[in-house]
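Visitor: Mind looking over this structure? Questions follow.
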Amino acid sequence: VELFAVLLALRIIAAEPGTRYAIICLDNQASITRTHRPRPKPGQLITKAIHDAYDALLATRPELKIALARVRGHEGIDVRLRATFPRRT
């Protein structure tokens, strides 16, 4: 799920041409490592898609700076901003 979120974030950044700097926050260190060092493992298709999206962004916007940052859980996120899900009955 985290890797799909990175890909989605890159697509959102691509849709915002005025963006010059972006930080993508994740709470999973393994996902961050995976985006930096892709290896032939399950999920390598999504990792390749992330790299392709990143390369495409930099090809058209070389001044763009993107960083991945690890945050602990939902530390610093206002409870009112967290997603809520209906209870199953």
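All residue names refer to the structure tokens as shown: chains lettered A, B, ... in order, residues numbered from 1 in each chain, ligands numbered from 1 in order.
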What lies within 10 Å of Arg61 (chain A) using only C-alpha atoms, ignoring chain neighbours under 4 positions off, as a list in words?
Guide: Ala14, Pro17, Thr19, Arg20, Asp55, Ala56, Leu57 and Lys65 of chain A
Visitor: Kindly save the residues from that selection, with N, CA and C atoms included, as a CSV table (one decimal), in the first residue's frame.
Guide:
```csv
chain,number,residue,atom,x,y,z
A,14,ALA,N,3.0,15.5,-10.6
A,14,ALA,CA,3.1,15.7,-12.0
A,14,ALA,C,1.9,16.6,-12.5
A,17,PRO,N,2.0,21.6,-12.1
A,17,PRO,CA,3.2,22.1,-12.7
A,17,PRO,C,4.0,23.2,-11.9
A,19,THR,N,4.7,23.1,-8.8
A,19,THR,CA,5.4,22.5,-7.7
A,19,THR,C,6.9,22.4,-8.0
A,20,ARG,N,7.8,22.9,-7.1
A,20,ARG,CA,9.2,22.8,-7.3
A,20,ARG,C,9.9,22.0,-6.3
A,55,ASP,N,11.5,9.4,-13.1
A,55,ASP,CA,12.4,9.8,-14.3
A,55,ASP,C,11.6,10.7,-15.3
A,56,ALA,N,10.3,10.4,-15.5
A,56,ALA,CA,9.5,11.2,-16.4
A,56,ALA,C,9.4,12.6,-15.9
A,57,LEU,N,9.2,12.8,-14.6
A,57,LEU,CA,9.0,14.1,-13.9
A,57,LEU,C,10.3,14.9,-14.1
A,65,LYS,N,12.6,19.0,-7.0
A,65,LYS,CA,13.2,18.3,-5.9
A,65,LYS,C,12.2,17.5,-5.2
```
Visitor: I want to know what sits within 7 Å of Leu26 (chain A), based on only C-alpha atoms, with residues of the same chain fewer than 3 positions away left out; could you give that as a VMD selection string?
Guide: chain A and resid 69 to 71
Visitor: Looking at A:Leu68, A:Leu7, A:Val1, A:Ala15, which one is nearest to Lys48 (chain A), with distances taken over only C-alpha atoms?
Guide: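 Checking each candidate against Lys48 (chain A), we get A:Leu7 as the closest.
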Visitor: What separation in Å, quoted to one decimal, exists between CA of Thr47 (chain A) and CA of Gly18 (chain A)?
Guide: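 The value is 25.6 Å.
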Visitor: How far is it from CA of Asp27 (chain A) to CA of Ile46 (chain A), in Å with one decimal?
Guide: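 For CA of Asp27 (chain A) relative to CA of Ile46 (chain A), the distance reads 17.9 Å.
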Visitor: Using only C-alpha atoms, pick whichever of A:Glu16, A:Asp52, A:Leu64, A:Cys25 has the shortest atom-to-atom distance to Glu2 (chain A).
Guide: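 For Glu2 (chain A), the nearest of the given residues is A:Cys25.
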Visitor: As a list in words, please: the residues near Tyr54 (chain A) (cut-off 9 Å, only C-alpha atoms, same-chain neighbours under 3 positions excluded).
Guide: Leu7, Leu10, Ala49, Ile50, His51, Leu57, Leu58, Ala59 and Ile66 of chain A
Visitor: Report, in Å to a single decimal, how far apart CA of Tyr21 (chain A) and CA of Ala67 (chain A) are.
Guide: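 Atom-to-atom, CA of Ala67 (chain A) and CA of Tyr21 (chain A) are spaced 8.2 Å apart.
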